[in-house]
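Here's the structure, in structure tokens; my notes come after.
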Amino acid sequence: MSEGSTIDAMALTELPNRQSFFKPHRIALMAIAAIMVFCVVWFMRWDWVPEYGGRLLSGVGVTLLMLFSTCILGFLFALPIGLVQVTGPWPLKMLAKGFCTIIRGTPLLLQLWLLYYGLGSLFPQFPAIRDSFLWPYLREAWPYGLAALTISFAAYEGEVMRGAFAGVPAGELEAARAYGMSRWKVFRRIWLPRAIHRALPTLNGETVLQLKSTPLVATITVIDVYAVISKIRQMTYLTYEPLLLLALIYLCLTAILVVGFRYLENKIPTRGA
């Protein structure tokens, strides 16, 4: 097929999609959405936003810090958890599988409360801990939120990486060994990059779910954007406006994450994937 015919074929395949965007039912839905946005902006109170803008920005910063730190740490834990389930000895394989099963099978809120109200209440009973350099951190709430979200992300992403490692074609690994690469070099140059590439779409979804889980840290007094909105509702006696703004903030953050992962996926070659 010539280049011209290929371009024509692509144009033909794209044309129905553009035309379908202007179908009557979609035009009606867009009109309804525009009317709803107009009503929200015009008939609701938004004069409180400038007053609490600084707190909102600080809350968003805490949410993003909690999100990225737990995702990075959780992914670093997920790599050995997934790898050991594919190549590890039987005891380590069962240990990793049991960890993923327990964490994925229990509510995240329960895990968070067990760490904060359970483990966190035991630390003050030990003088050695109270006198150590860790006590200024262990008396705060955010380390327990960080630990709970990290453990949860590691369990879910560990199962994803297990499937990603197992899904890399064995022929590629055998070819690399036949080429003379060491096991570490095969893992670093072939196995790990191919597994991460296969896991990227699922990692995108897990990161978005992690973002939606961050409001749970507000239940242990971590002041994230959800906690700020809850405080604004108490101080302004408004119900819908703060919640709508909170929904908009999470929608924007989710859109940024999705676009970022799509850009990353497009930058990685997919040939032979």
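Chain identifiers are assigned as A, B, and so on, following the order in which chains appear in the structure tokens; residues are numbered from 1 within each chain, and ligands are numbered from 1 in order of appearance.
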key: Surrounding residues of Trp48 of chain A excluding itself and chain neighbours under 2 positions, 10 Å, only C-alpha atoms, as a VMD selection string   = chain A and resid 45 to 46 50 to 53 232 236 238 241 to 242
With a cut-off of 12 Å, could you pull out the residues of segment 45-122 of chain A touching segment 174-194 of chain A and give me the nearest pair of atoms for each, distance in Å to one decimal, using only C-alpha atoms, ordered by chain and ascending number, as a tab-separated table?
residue	atom	partner	partner_atom	distance
A:Leu79	CA	A:Leu192	CA	8.9
A:Pro80	CA	A:Leu192	CA	11.0
A:Gly82	CA	A:Leu192	CA	11.1
A:Leu83	CA	A:Leu192	CA	9.6
A:Thr87	CA	A:Phe187	CA	11.9
inquiry  = Calculated over only C-alpha atoms, which of the candidates A:Leu244, A:Leu108, A:Leu122, A:Val168 has the smallest distance to Met44 of chain A?
reply    =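 Looking only at the distances to Met44 of chain A, the closest residue turns out to be A:Leu244.
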ask   = Which of these residues is nearest to Cys71 of chain A, using only C-alpha atoms: A:Ala170, A:Leu211, A:Met94, A:Leu253?
value = A:Leu211
message = Residues near Leu243 of chain A, anyone? I mean within 10 Å using only C-alpha atoms, not counting same-chain ones fewer than 4 positions away, as a list in words.
response = Tyr226, Ile229, Ser230, Ile232, Arg233, Leu238, Thr239, Ala247, Leu248 and Ile249 of chain A
Residues as selected, C-alpha atoms, written as a PDB file, in the first residue's frame, can you do that?
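Final output, result.pdb:
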ATOM      1  CA  TYR A 226     -10.094  16.814  51.620  1.00  0.00           C
ATOM      2  CA  ILE A 229     -12.614  21.250  52.307  1.00  0.00           C
ATOM      3  CA  SER A 230     -14.195  19.632  55.358  1.00  0.00           C
ATOM      4  CA  ILE A 232     -14.308  25.049  54.989  1.00  0.00           C
ATOM      5  CA  ARG A 233     -17.728  23.400  55.114  1.00  0.00           C
ATOM      6  CA  LEU A 238     -21.897  25.571  52.845  1.00  0.00           C
ATOM      7  CA  THR A 239     -22.483  22.043  51.617  1.00  0.00           C
ATOM      8  CA  ALA A 247     -14.582  17.132  42.860  1.00  0.00           C
ATOM      9  CA  LEU A 248     -13.160  19.580  40.312  1.00  0.00           C
ATOM     10  CA  ILE A 249      -9.735  19.462  41.971  1.00  0.00           C
TER      11      ILE A 249
END
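When atom CA of Leu146 of chain A is paired with atom CA of Leu209 of chain A, their separation reads 15.3 Å.
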task = Go through A:His197, A:His25, A:Lys231, A:Arg55 one by one, measure the shortest atom-to-atom distance of each to Phe165 of chain A using only C-alpha atoms, and give the residue with the smallest value.
result = A:His197
